[in-house]
Every structure is written in C-alpha cells, then in structure tokens.
$ cat coords.csv   # CSV, C-alpha atoms and all ligand atoms
chain,number,residue,atom,x,y,z
A,1,MET,CA,0.0,0.0,0.0
A,2,ALA,CA,2.1,2.9,-1.1
A,3,ASP,CA,2.5,5.2,-4.0
A,4,SER,CA,5.1,7.6,-5.5
A,5,LEU,CA,8.2,6.6,-7.0
A,6,HIS,CA,10.9,4.4,-6.3
A,7,MET,CA,10.2,1.4,-4.5
A,8,CYS,CA,12.6,-0.9,-3.1
A,9,ILE,CA,11.7,-3.9,-1.2
A,10,LEU,CA,14.2,-5.3,1.1
A,11,GLU,CA,13.8,-9.0,1.1
A,12,VAL,CA,15.8,-10.7,3.7
A,13,LEU,CA,16.3,-14.4,3.8
A,14,SER,CA,12.6,-15.2,3.6
A,15,LYS,CA,9.3,-13.9,2.5
A,16,HIS,CA,8.6,-12.7,6.0
A,17,PHE,CA,11.7,-10.8,6.3
A,18,ILE,CA,10.3,-8.0,4.4
A,19,LEU,CA,9.6,-4.5,5.7
A,20,LYS,CA,6.2,-3.5,4.6
A,21,PHE,CA,6.9,-0.3,2.8
A,22,CYS,CA,10.1,1.4,1.9
A,23,TYR,CA,10.3,4.7,0.1
A,24,ASP,CA,13.3,6.2,-1.6
A,25,PRO,CA,12.3,9.3,-3.6
A,26,ASP,CA,15.7,9.7,-5.2
A,27,MET,CA,15.8,6.1,-6.2
A,28,LYS,CA,19.4,6.0,-5.4
A,29,GLU,CA,21.6,4.0,-3.1
A,30,ASN,CA,22.7,5.8,0.0
A,31,SER,CA,26.2,4.6,-0.4
A,32,ASN,CA,27.6,6.2,2.7
A,33,LEU,CA,24.6,5.5,4.8
A,34,GLU,CA,25.9,2.2,6.0
A,35,GLU,CA,28.8,4.0,7.7
A,36,LYS,CA,26.4,6.3,9.5
A,37,GLU,CA,24.0,3.7,10.7
A,38,GLN,CA,24.3,1.1,13.4
A,39,SER,CA,25.3,-2.4,12.4
A,40,SER,CA,21.8,-3.8,12.4
A,41,TRP,CA,20.7,-1.3,9.8
A,42,LYS,CA,23.8,-1.9,7.7
A,43,LYS,CA,23.2,-5.6,7.7
A,44,ILE,CA,19.8,-5.3,6.2
A,45,ARG,CA,20.7,-2.8,3.6
A,46,SER,CA,23.5,-5.0,2.3
A,47,ILE,CA,21.3,-8.0,1.8
A,48,ILE,CA,18.9,-7.6,-1.0
A,49,ARG,CA,17.3,-4.7,-2.7
A,50,TRP,CA,14.2,-5.2,-4.7
A,51,SER,CA,12.1,-2.6,-6.4
A,52,PRO,CA,8.9,-4.3,-7.6
A,53,PHE,CA,7.3,-1.3,-9.1
A,54,VAL,CA,7.1,2.5,-9.3
A,55,GLN,CA,3.9,4.3,-8.4
A,56,VAL,CA,2.5,7.5,-9.8
A,57,PHE,CA,0.3,9.8,-8.0
A,58,LYS,CA,-0.6,13.5,-8.8
A,59,LYS,CA,2.4,13.6,-11.2
A,60,ASN,CA,4.8,12.3,-8.6
A,61,ARG,CA,6.6,9.1,-9.1
A,62,TYR,CA,7.9,7.1,-6.2
A,63,PRO,CA,9.1,3.6,-5.4
A,64,TRP,CA,6.6,1.5,-3.6
A,65,ILE,CA,8.2,-0.5,-0.9
A,66,GLN,CA,7.0,-3.6,0.9
A,67,LEU,CA,8.4,-3.9,4.4
A,68,ALA,CA,6.7,-7.1,5.5
A,69,GLY,CA,4.4,-9.9,4.3
A,70,HIS,CA,4.8,-12.3,1.5
A,71,GLN,CA,7.1,-11.4,-1.3
A,72,GLY,CA,5.5,-10.9,-4.7
A,73,ASN,CA,2.1,-10.1,-3.3
A,74,PHE,CA,1.9,-6.5,-4.5
A,75,GLN,CA,1.6,-4.8,-7.8
A,76,ALA,CA,1.2,-1.2,-8.9
A,77,GLY,CA,-2.4,-0.1,-9.1
A,78,GLU,CA,-4.2,2.9,-10.5
A,79,ALA,CA,-3.2,6.3,-9.1
A,80,GLY,CA,-3.5,6.2,-5.4
A,81,SER,CA,-4.1,2.4,-5.2
A,82,VAL,CA,-1.9,-0.7,-4.9
A,83,LEU,CA,-2.9,-4.2,-5.7
A,84,LYS,CA,-2.5,-7.0,-3.2
A,85,LYS,CA,-2.9,-10.7,-4.2
A,86,LEU,CA,-6.4,-11.7,-3.3
A,87,ASP,CA,-6.8,-13.9,-0.3
A,88,VAL,CA,-10.4,-14.9,0.3
A,89,ARG,CA,-10.2,-14.5,4.1
A,90,GLU,CA,-8.7,-11.0,3.8
A,91,GLN,CA,-11.2,-10.0,1.1
A,92,LYS,CA,-14.1,-11.0,3.3
A,93,CYS,CA,-12.6,-8.9,6.2
A,94,PHE,CA,-12.1,-5.8,3.9
A,95,LYS,CA,-15.7,-6.1,2.7
A,96,GLU,CA,-17.0,-6.3,6.3
A,97,VAL,CA,-14.7,-3.5,7.6
A,98,MET,CA,-16.0,-1.2,4.9
A,99,ASP,CA,-19.4,-1.3,6.7
A,100,ASP,CA,-17.9,-1.1,10.2
A,101,ILE,CA,-16.9,1.9,12.3
A,102,LEU,CA,-13.3,0.8,11.8
A,103,ARG,CA,-13.5,1.9,8.1
A,104,PRO,CA,-11.6,5.2,8.6
A,105,TYR,CA,-8.6,3.4,10.1
A,106,VAL,CA,-8.0,0.8,7.4
A,107,PRO,CA,-6.8,1.3,3.8
A,108,GLU,CA,-9.9,1.8,1.6
A,109,TYR,CA,-10.9,-1.4,-0.3
A,110,ARG,CA,-11.7,-0.5,-3.9
A,111,GLY,CA,-12.9,-3.8,-5.2
A,112,ASP,CA,-11.0,-6.6,-7.0
A,113,VAL,CA,-9.1,-6.6,-10.3
A,114,GLU,CA,-7.6,-9.2,-12.5
A,115,ARG,CA,-4.0,-9.0,-13.7
A,116,SER,CA,-2.5,-11.7,-15.9
A,117,GLY,CA,-5.0,-14.2,-14.8
A,118,GLU,CA,-4.6,-13.5,-11.0
A,119,MET,CA,-7.0,-11.7,-8.8
A,120,TYR,CA,-6.0,-8.8,-6.6
A,121,LEU,CA,-7.6,-6.6,-4.0
A,122,GLN,CA,-7.4,-2.9,-5.0
A,123,LEU,CA,-6.4,-1.0,-1.9
A,124,GLN,CA,-5.7,2.6,-1.0
A,125,ASP,CA,-2.0,3.4,-1.3
A,126,LEU,CA,-1.2,4.8,2.2
A,127,LEU,CA,2.1,6.4,1.2
A,128,CYS,CA,0.9,8.6,-1.6
A,129,GLU,CA,0.2,11.7,0.4
A,130,PHE,CA,3.6,11.7,2.1
A,131,ASN,CA,6.9,13.3,1.2
A,132,SER,CA,9.8,10.8,1.6
A,133,PRO,CA,8.1,9.1,4.5
A,134,CYS,CA,9.4,7.2,7.5
A,135,VAL,CA,7.4,4.0,7.7
A,136,MET,CA,7.1,1.4,10.5
A,137,ASP,CA,5.2,-1.8,10.7
A,138,ILE,CA,4.1,-3.0,14.2
A,139,LYS,CA,2.6,-6.5,14.4
A,140,MET,CA,-0.1,-6.6,17.0
A,141,GLY,CA,-1.1,-9.3,19.5
A,142,VAL,CA,0.3,-11.7,21.9
A,143,ARG,CA,0.6,-14.5,19.3
A,144,THR,CA,1.0,-14.6,15.5
A,145,TYR,CA,-0.6,-18.0,14.8
A,146,LEU,CA,-4.3,-18.9,14.6
A,147,GLU,CA,-5.8,-21.4,16.9
A,148,GLU,CA,-6.7,-23.5,13.8
A,149,GLU,CA,-3.0,-23.6,12.8
A,150,LEU,CA,-2.2,-25.2,16.1
A,151,SER,CA,-4.9,-27.8,15.8
A,152,LYS,CA,-4.0,-28.6,12.2
A,153,ALA,CA,-0.3,-28.9,13.1
A,154,ARG,CA,-1.2,-31.3,15.9
A,155,LYS,CA,-3.3,-33.5,13.6
A,156,LYS,CA,-0.8,-33.5,10.8
A,157,PRO,CA,2.6,-32.2,12.0
A,158,SER,CA,4.9,-31.2,9.2
A,159,LEU,CA,8.6,-30.3,9.6
A,160,ARG,CA,10.1,-27.1,8.2
A,161,LYS,CA,13.8,-26.9,7.4
A,162,ASP,CA,13.6,-23.2,6.5
A,163,MET,CA,12.2,-22.4,9.9
A,164,TYR,CA,14.9,-24.3,11.6
A,165,GLN,CA,17.5,-22.3,9.6
A,166,LYS,CA,15.8,-19.0,10.6
A,167,MET,CA,15.8,-20.1,14.2
A,168,ILE,CA,19.5,-20.9,14.4
A,169,GLU,CA,20.4,-17.7,12.6
A,170,VAL,CA,19.0,-15.8,15.5
A,171,ASP,CA,19.8,-18.3,18.3
A,172,PRO,CA,21.9,-21.4,17.6
A,173,ASN,CA,21.0,-22.7,21.1
A,174,ALA,CA,17.3,-22.5,20.6
A,175,PRO,CA,16.6,-25.9,19.0
A,176,THR,CA,16.3,-29.0,21.1
A,177,GLU,CA,18.5,-32.0,20.6
A,178,GLU,CA,15.8,-33.7,18.5
A,179,GLU,CA,15.3,-30.6,16.4
A,180,ASN,CA,19.0,-30.4,15.8
A,181,GLN,CA,19.0,-34.0,14.6
A,182,GLN,CA,16.0,-33.4,12.3
A,183,GLN,CA,17.4,-30.0,11.2
A,184,ALA,CA,13.7,-29.0,11.1
A,185,ILE,CA,10.9,-27.7,13.3
A,186,THR,CA,7.2,-27.4,13.1
A,187,LYS,CA,5.6,-24.0,12.2
A,188,PRO,CA,3.8,-23.5,15.5
A,189,ARG,CA,7.1,-24.2,17.3
A,190,TYR,CA,8.8,-21.6,15.2
A,191,MET,CA,6.0,-19.0,15.6
A,192,GLN,CA,5.8,-19.5,19.4
A,193,TRP,CA,9.6,-19.2,19.7
A,194,ARG,CA,9.5,-16.0,17.5
A,195,ASP,CA,6.7,-14.5,19.7
A,196,GLU,CA,8.8,-15.3,22.8
A,197,MET,CA,12.0,-13.9,21.4
A,198,SER,CA,10.5,-10.6,20.4
A,199,SER,CA,8.2,-8.4,22.4
A,200,SER,CA,4.9,-10.1,21.2
A,201,VAL,CA,4.6,-12.2,24.4
A,202,ASP,CA,5.6,-9.6,26.9
A,203,LEU,CA,4.1,-6.4,25.3
A,204,ALA,CA,1.5,-7.9,22.9
A,205,PHE,CA,3.1,-6.1,20.0
A,206,ARG,CA,6.4,-6.2,18.1
A,207,ILE,CA,8.3,-4.1,15.7
A,208,GLU,CA,8.5,-5.9,12.3
A,209,GLY,CA,10.3,-3.3,10.2
A,210,ILE,CA,11.3,0.3,9.9
A,211,LYS,CA,12.2,2.4,6.9
A,212,LYS,CA,13.6,5.9,7.6
A,213,SER,CA,13.3,8.9,5.4
A,214,ASP,CA,16.9,8.6,4.3
A,215,GLY,CA,16.3,5.2,2.9
A,216,ALA,CA,17.8,3.2,5.7
A,217,SER,CA,15.7,0.2,6.6
A,218,SER,CA,15.8,-2.6,9.1
A,219,LYS,CA,14.0,-5.7,9.9
A,220,ASP,CA,16.4,-6.7,12.5
A,221,PHE,CA,14.1,-6.6,15.5
A,222,LYS,CA,13.6,-10.3,16.2
A,223,LYS,CA,15.3,-9.8,19.6
A,224,THR,CA,13.9,-6.4,20.4
A,225,LYS,CA,12.1,-7.3,23.6
A,226,GLY,CA,11.3,-5.4,26.8
A,227,ARG,CA,9.9,-2.0,27.3
A,228,ASP,CA,13.2,-0.1,27.4
A,229,LYS,CA,14.6,-1.5,24.2
A,230,VAL,CA,11.3,-1.1,22.4
A,231,LEU,CA,11.0,2.5,23.6
A,232,GLU,CA,14.5,3.4,22.3
A,233,THR,CA,13.6,2.0,18.9
A,234,LEU,CA,10.3,3.8,18.7
A,235,LYS,CA,12.0,7.0,19.8
A,236,SER,CA,14.6,6.8,17.1
A,237,PHE,CA,11.9,6.1,14.5
A,238,ILE,CA,9.7,9.1,15.5
A,239,GLY,CA,12.5,11.7,15.6
A,240,GLU,CA,12.4,15.1,17.2
A,241,ASN,CA,9.2,16.7,15.8
A,242,PRO,CA,6.6,16.8,18.6
A,243,GLU,CA,3.8,17.1,16.1
A,244,VAL,CA,4.5,13.6,14.9
A,245,ILE,CA,4.3,11.9,18.2
A,246,ASN,CA,1.2,13.9,19.2
A,247,LYS,CA,-0.6,12.8,16.0
A,248,TYR,CA,0.4,9.2,16.4
A,249,ILE,CA,-0.9,9.1,20.0
A,250,GLN,CA,-4.2,10.8,19.1
A,251,ARG,CA,-4.7,8.5,16.2
A,252,LEU,CA,-4.0,5.4,18.3
A,253,ARG,CA,-6.4,6.5,21.0
A,254,ALA,CA,-9.0,6.9,18.4
A,255,ILE,CA,-8.3,3.5,17.0
A,256,ARG,CA,-8.5,2.0,20.5
A,257,ILE,CA,-11.8,3.6,21.3
A,258,THR,CA,-13.3,2.6,18.0
A,259,GLN,CA,-12.0,-1.0,18.3
A,260,GLU,CA,-13.6,-1.2,21.8
A,261,SER,CA,-17.0,-0.8,20.3
A,262,SER,CA,-16.5,-2.2,16.8
A,263,GLU,CA,-18.8,-5.2,15.9
A,264,PHE,CA,-16.2,-6.5,13.5
A,265,PHE,CA,-13.5,-6.4,16.1
A,266,LYS,CA,-15.5,-8.1,18.7
A,267,ARG,CA,-16.3,-11.0,16.4
A,268,HIS,CA,-12.8,-11.7,15.0
A,269,GLU,CA,-9.6,-13.3,16.2
A,270,VAL,CA,-7.2,-10.7,14.8
A,271,ILE,CA,-3.8,-12.4,14.2
A,272,GLY,CA,-0.8,-11.1,12.3
A,273,SER,CA,-2.4,-7.8,11.7
A,274,SER,CA,-0.2,-4.7,11.8
A,275,LEU,CA,-0.4,-1.0,12.5
A,276,LEU,CA,1.4,0.9,9.8
A,277,PHE,CA,2.9,4.2,11.0
A,278,VAL,CA,3.8,6.8,8.4
A,279,HIS,CA,5.2,10.3,8.9
A,280,ASP,CA,7.3,12.8,7.0
A,281,ASN,CA,9.4,15.9,7.6
A,282,THR,CA,6.4,18.2,7.1
A,283,GLY,CA,4.8,16.9,10.3
A,284,ASN,CA,2.3,14.8,8.4
A,285,ALA,CA,1.7,11.6,10.4
A,286,ASN,CA,-0.9,8.8,10.4
A,287,VAL,CA,-1.5,5.2,11.4
A,288,TRP,CA,-3.6,2.5,9.8
A,289,ILE,CA,-4.7,-1.0,10.6
A,290,ILE,CA,-3.4,-3.3,7.8
A,291,ASP,CA,-3.2,-7.0,6.9
A,292,PHE,CA,-6.2,-9.2,7.6
A,293,GLY,CA,-4.9,-12.4,6.0
A,294,LYS,CA,-5.1,-14.2,9.4
A,295,THR,CA,-8.2,-12.4,10.8
A,296,GLU,CA,-10.8,-15.1,11.4
A,297,PRO,CA,-14.4,-14.9,12.6
A,298,ILE,CA,-14.9,-16.3,16.1
A,299,PRO,CA,-16.8,-19.6,15.9
A,300,ASP,CA,-20.5,-19.7,16.8
A,301,GLY,CA,-21.0,-16.0,16.6
A,302,LYS,CA,-19.2,-15.5,20.0
A,303,CYS,CA,-17.3,-12.4,21.0
A,304,ILE,CA,-13.8,-11.7,22.4
A,305,ASP,CA,-12.6,-8.6,24.3
A,306,HIS,CA,-8.9,-8.7,23.0
A,307,ARG,CA,-7.7,-8.2,26.6
A,308,THR,CA,-8.5,-11.5,28.4
A,309,GLU,CA,-5.5,-13.8,28.7
A,310,TRP,CA,-5.3,-16.2,25.8
A,311,VAL,CA,-5.9,-19.9,26.6
A,312,GLU,CA,-6.4,-22.2,23.7
A,313,GLY,CA,-10.0,-22.3,22.8
A,314,ASN,CA,-11.0,-18.8,23.9
A,315,HIS,CA,-9.6,-17.2,20.7
A,316,GLU,CA,-8.3,-14.1,22.5
A,317,ASP,CA,-5.4,-12.3,20.8
A,318,GLY,CA,-4.3,-9.7,23.3
A,319,TYR,CA,-4.6,-7.0,20.6
A,320,LEU,CA,-5.9,-4.3,22.9
A,321,ASN,CA,-3.3,-5.1,25.6
A,322,GLY,CA,-0.7,-4.5,22.9
A,323,LEU,CA,-2.4,-1.2,21.9
A,324,ASP,CA,-2.5,-0.1,25.6
A,325,ASN,CA,1.2,-0.9,25.9
A,326,LEU,CA,2.1,0.8,22.7
A,327,ILE,CA,0.2,4.0,23.6
A,328,SER,CA,1.8,4.0,27.1
A,329,VAL,CA,5.3,3.7,25.6
A,330,LEU,CA,4.6,6.5,23.2
A,331,GLU,CA,3.2,8.7,26.0
A,332,GLU,CA,6.4,8.1,27.9
A,333,ILE,CA,8.4,9.2,24.9
A,334,GLN,CA,6.2,12.2,24.6
A,335,GLY,CA,6.8,13.1,28.2
A,336,LEU,CA,10.6,12.9,27.6
A,337,SER,CA,10.6,15.5,24.9
A,401,LIG,C1,7.4,-15.7,9.3
A,401,LIG,C2,6.3,-14.9,10.0
A,401,LIG,C3,5.0,-14.9,9.2
A,401,LIG,C4,4.6,-16.3,8.8
A,401,LIG,C5,5.7,-17.1,8.1
A,401,LIG,C6,7.0,-17.1,8.9
A,401,LIG,O1,8.5,-15.7,10.1
A,401,LIG,O2,6.0,-15.4,11.3
A,401,LIG,O3,4.0,-14.3,10.0
A,401,LIG,O4,3.5,-16.2,7.8
A,401,LIG,O5,5.2,-18.4,7.8
A,401,LIG,O6,8.0,-17.7,8.2
A,401,LIG,P1,9.6,-14.6,10.2
A,401,LIG,O7,8.9,-13.2,10.4
A,401,LIG,O8,10.5,-14.9,11.3
A,401,LIG,O9,10.4,-14.6,8.9
A,401,LIG,P2,2.0,-16.3,8.1
A,401,LIG,O10,1.7,-15.2,9.1
A,401,LIG,O11,1.3,-16.2,6.8
A,401,LIG,O12,1.8,-17.7,8.8
A,401,LIG,P3,5.3,-19.1,6.4
A,401,LIG,O13,6.8,-19.2,6.1
A,401,LIG,O14,4.6,-20.4,6.5
A,401,LIG,O15,4.7,-18.1,5.4
$ encode --input "coords.csv" --output "structure tokens"
Amino acid sequence: MADSLHMCILEVLSKHFILKFCYDPDMKENSNLEEKEQSSWKKIRSIIRWSPFVQVFKKNRYPWIQLAGHQGNFQAGEAGSVLKKLDVREQKCFKEVMDDILRPYVPEYRGDVERSGEMYLQLQDLLCEFNSPCVMDIKMGVRTYLEEELSKARKKPSLRKDMYQKMIEVDPNAPTEEENQQQAITKPRYMQWRDEMSSSVDLAFRIEGIKKSDGASSKDFKKTKGRDKVLETLKSFIGENPEVINKYIQRLRAIRITQESSEFFKRHEVIGSSLLFVHDNTGNANVWIIDFGKTEPIPDGKCIDHRTEWVEGNHEDGYLNGLDNLISVLEEIQGLS
C-alpha cells in the first residue's frame, strides 16, 4: 500500500523478512549511509534490494516498498491504489470492515481486479500523500498463529527446514537435541519461539520493520524485547518533531476507542495484523490497521474482548493489551521530549 516513485523492497532471507513499505524518492543508493547507521541497519541494507514497481500519484513518481508480508504479493495499481494478491479471508474482512466503524482506520478497499489471470484486491495506497516518509510496521497481538493452525499442526505435523534455519540464525542454542538431529521444526514451534524472542509475548506487539526517510531500513528486530529496548527503537523512528508523536498518540487513542465498540473487532480473532505508521518531515503523520490475512471470525458468533489472557479455545489475541502498551510507551516518549 504505497505510492510515489521508487520502491525498493528489502527481502531478507525469507518472504517474512520484508519490511512492509520502503520509500526512496531519489531512487538511489545511499552509499555512505551504512557507515552512519548502526550495524543492524547496515546488515539489512546490504542483503537484497528489490524494487517491484514504481507508483505514480498526482504527477509524482515514487518507489513503492514492501516492508513485510509475502514477497510478490503486490503490484502497482491505478493512481492512489496498490494491488494485493487476493486472499479470500482477507477479502471478506475488507468487505465487512468497509461497513464497520473501523473503516476510517484501514486502507480503503476499492474492489477486486484481475491481472495476468490473477485476482487482486485494490487498496488505497497509504504512502501517496507523504513526502519521503518514514514507515514502521508493528505487528499486534500476543501471538502470531491462529488457533486453527495449532490444531492442524497437531493432527498433521509437518517439519520445516527453512524455519529451523531461521531459528538458528537468531539463536543457535534454541533448537532441542531432537530438532538439531532433524534439522527441522514445526511451524507452530517456530512461531511460538518467535513470539517469545520478540516483544509479542511480553508487550503484545512487536516491531517488524522500519524504513527511515533517508532510505535506511531494518527488519532486525527479532530480539527487540522489553519496554526499554522497544522505547528506544520507537523514539529513534519518531525523531524530534513533537507534532509527529502527538498525531500518532491521538490516532492510536481513536483506533482503540473505535475497536472497543466495533462489531467487526468483537467477532474476529485478529492475528498477524499490523499497525502501519507513516510520517514525513512536514509533520504529516498517520497510522492505519493493515493485513487481515489471518483475521478469522470467532466460531458460533461469539465475541472476544482482546484483553483477556489467551488460553487455547478462547480465541483471545491480546490486541488491545498491545495497543494499551504501545500507547503507554509513546506517552512516555512524549513526556521525555
Ligand atoms: C514468518 C512470520 C510470518 C509467517 C511465516 C513465517 O517468520 O512469522 O507471519 O507467515 O510463515 O515464516 P519470520 O517473520 O520470522 O520470517 P503467516 O503469518 O502467513 O503464517 P510461512 O513461512 O509459513 O509463510
């Protein structure tokens, strides 16, 4: 979801190693950037650069950049829109949210289109009104796997060598002896470990990726855990302009109060959904709720409150605990400035 002119996608090691949107208006490499940035930022920049398409909006051309999610899922759309590969579960959510009070907080869904035999959702490009934006993807919730994924994996466990590799890259001591012998782990095992390693379990949200206005990007937040570390990272993303943090906090409070009474929100387990933060040096700043690929209706028309502790079977996702924590960290940053 983004528009303007040079887009570069940083794809790192796997499809989920992608920052959701990255924007480089000069479409050029910041060759000396690496020296200025910390090592984690360097690392990411030196891995892979991928510009899937250039967007055009009001005569501006800009690279559209994907910072997270599955590689190859996006295409340029008409002015002010991007195309996202159609997933039926996500399509259903977008249709419902367009009739819910949450509508102003999600990218507008503009119907479906076909391209080269594939179906896409046409979505509002969230970056098109910004000037060299800073973009951050925060994945919400205390867990990133659906309950149905757990039960399926129990019935039919399948081993993933790629996930074992991703695990040992972050922590070679994480696998058990048996997992080391198999050189493979199950997906739920990987996802649970990933949630524990990051701030998902302790804060009910985690930073997935950040792209700064100078083009530096990082997705190296797998071990960013604990309030202090998270606060430092958010502070560095937001920068010095008080207008930006004020707008972010106001918008998040509005999202929270709307979610608390949204019918859609009450009736869905919202897993793997992100909040996309975008601001630029003019003080323009906004946040949207994105990604409904793993947002699933609660069975039997029941409701959840998104704050009750998750135990398997109750479908709770801790989304609002995450939002409470996120707002509280941002308020602390606001108080420091
Ligand atoms: C990925 C991340 C994704 C998940 C993906 C993981 O791990 O947890 O959310 O996709 O599973 O590989 P990481 O961020 O550490 O790279 P889904 O949310 O769609 O399940 P996948 O490889 O099976 O797509």
$ residues_around --input "coords.csv" --residues "Met140 in chain A" --least-positions-apart "2" --cutoff "7 Å" --atoms "all atoms listed in the file" --output "ChimeraX atom specification"
/A:138,204-206,272-274,319,322
$ residues_around --input "coords.csv" --residues "Ser199 in chain A" --least-positions-apart "6" --cutoff "10 Å" --atoms "only C-alpha atoms" --output "JSON, numbers by chain"
{"A": [139, 141, 142, 205, 206, 207, 221, 222, 223, 224, 225, 226, 227, 229, 230, 322]}
$ closest_atom_pairs --input "coords.csv" --of "range 51-136 of chain A" --to "range 240-253 of chain A" --cutoff "12 Å" --atoms "all atoms listed in the file" --output "tab-separated table"
residue	atom	partner	partner_atom	distance
A:Pro104	CA	A:Arg251	CA	10.8
A:Tyr105	CA	A:Arg251	CA	8.9
A:Pro133	CA	A:Val244	CA	11.9
A:Cys134	CA	A:Val244	CA	10.9
A:Met136	CA	A:Tyr248	CA	11.9
$ atom_distance --input "coords.csv" --atom1 "CA of Lys152 in chain A" --atom2 "CA of Leu86 in chain A"
23.1 Å
$ atom_distance --input "coords.csv" --atom1 "CA of Lys211 in chain A" --atom2 "CA of Phe277 in chain A"
10.3 Å
$ closest_residue --input "coords.csv" --among "A:Arg154, A:Lys187, A:Lys85, A:Lys235" --to "ligand LIG 401 (chain A)" --atoms "all atoms listed in the file"
A:Lys187
$ residues_around --input "coords.csv" --residues "range 112-115 of chain A" --least-positions-apart "6" --cutoff "9 Å" --atoms "only C-alpha atoms" --output "VMD selection string"
chain A and resid 83 86 91 121 to 123
$ atom_distance --input "coords.csv" --atom1 "CA of Ala153 in chain A" --atom2 "CA of Glu169 in chain A"
23.5 Å
$ residues_around --input "coords.csv" --residues "Phe265 in chain A" --least-positions-apart "6" --cutoff "12 Å" --atoms "all atoms listed in the file" --output "list in words"
Cys93, Glu96, Val97, Asp100, Ile101, Leu102, Arg103, Ile255, Arg256, Ile257, Thr258, Gln259, Ile271, Ile289, Phe292, Thr295, Glu296, Pro297, Ile298, Lys302, Cys303, Ile304, Asp305, His306, Glu316, Asp317, Tyr319 and Leu320 of chain A
$ closest_atom_pairs --input "coords.csv" --of "range 270-312 of chain A" --to "range 212-218 of chain A" --cutoff "12 Å" --atoms "all atoms listed in the file" --output "JSON lines"
{"residue": "A:Phe277", "atom": "CA", "partner": "A:Lys212", "partner_atom": "CA", "distance": 11.4}
{"residue": "A:Val278", "atom": "CA", "partner": "A:Lys212", "partner_atom": "CA", "distance": 9.9}
{"residue": "A:His279", "atom": "CA", "partner": "A:Ser213", "partner_atom": "CA", "distance": 8.9}
{"residue": "A:Asp280", "atom": "CA", "partner": "A:Ser213", "partner_atom": "CA", "distance": 7.3}
{"residue": "A:Asn281", "atom": "CA", "partner": "A:Ser213", "partner_atom": "CA", "distance": 8.3}
{"residue": "A:Thr282", "atom": "CA", "partner": "A:Ser213", "partner_atom": "CA", "distance": 11.7}
$ closest_residue --input "coords.csv" --among "A:Ser261, A:Asn73, A:Asn314, A:Asn321" --to "Glu148 in chain A" --atoms "all atoms listed in the file"
A:Asn314
$ residues_near_point --input "coords.csv" --point "(6.8, -28.6, 12.7)" --cutoff "6 Å" --atoms "all atoms listed in the file" --output "list in words"
Pro157, Ser158, Leu159, Arg160, Ile185, Thr186 and Lys187 of chain A
$ build_atoms --input "coords.csv" --residues "range 232-243 of chain A" --atoms "N, CA, C and O atoms" --output "compact mmCIF listing (two decimals), in the frame of the given file"
# COMPACT_ATOMS: atom_id res chain seq x y z
N GLU A 232 13.36 2.75 23.01
CA GLU A 232 14.50 3.40 22.30
C GLU A 232 14.29 3.30 20.79
O GLU A 232 14.56 4.25 20.06
N THR A 233 13.82 2.14 20.32
CA THR A 233 13.60 2.00 18.90
C THR A 233 12.52 2.88 18.36
O THR A 233 12.66 3.52 17.31
N LEU A 234 11.42 2.97 19.11
CA LEU A 234 10.30 3.80 18.70
C LEU A 234 10.74 5.29 18.69
O LEU A 234 10.41 6.06 17.79
N LYS A 235 11.52 5.65 19.70
CA LYS A 235 12.00 7.00 19.80
C LYS A 235 12.83 7.41 18.62
O LYS A 235 12.68 8.48 18.03
N SER A 236 13.70 6.50 18.25
CA SER A 236 14.60 6.80 17.10
C SER A 236 13.78 6.87 15.81
O SER A 236 14.07 7.67 14.93
N PHE A 237 12.74 6.06 15.70
CA PHE A 237 11.90 6.10 14.50
C PHE A 237 11.15 7.46 14.41
O PHE A 237 11.08 8.09 13.36
N ILE A 238 10.61 7.90 15.55
CA ILE A 238 9.70 9.10 15.50
C ILE A 238 10.52 10.39 15.31
O ILE A 238 10.03 11.29 14.63
N GLY A 239 11.74 10.45 15.83
CA GLY A 239 12.50 11.70 15.60
C GLY A 239 12.13 12.77 16.58
O GLY A 239 11.44 12.53 17.57
N GLU A 240 12.49 13.99 16.22
CA GLU A 240 12.40 15.10 17.20
C GLU A 240 11.10 15.91 17.08
O GLU A 240 10.79 16.66 17.98
N ASN A 241 10.37 15.80 15.97
CA ASN A 241 9.20 16.70 15.80
C ASN A 241 8.04 16.31 16.70
O ASN A 241 7.43 15.26 16.52
N PRO A 242 7.70 17.17 17.67
CA PRO A 242 6.60 16.80 18.60
C PRO A 242 5.26 16.62 17.94
O PRO A 242 4.41 15.88 18.43
N GLU A 243 5.07 17.28 16.80
CA GLU A 243 3.80 17.10 16.10
C GLU A 243 3.55 15.67 15.69
O GLU A 243 2.43 15.18 15.73
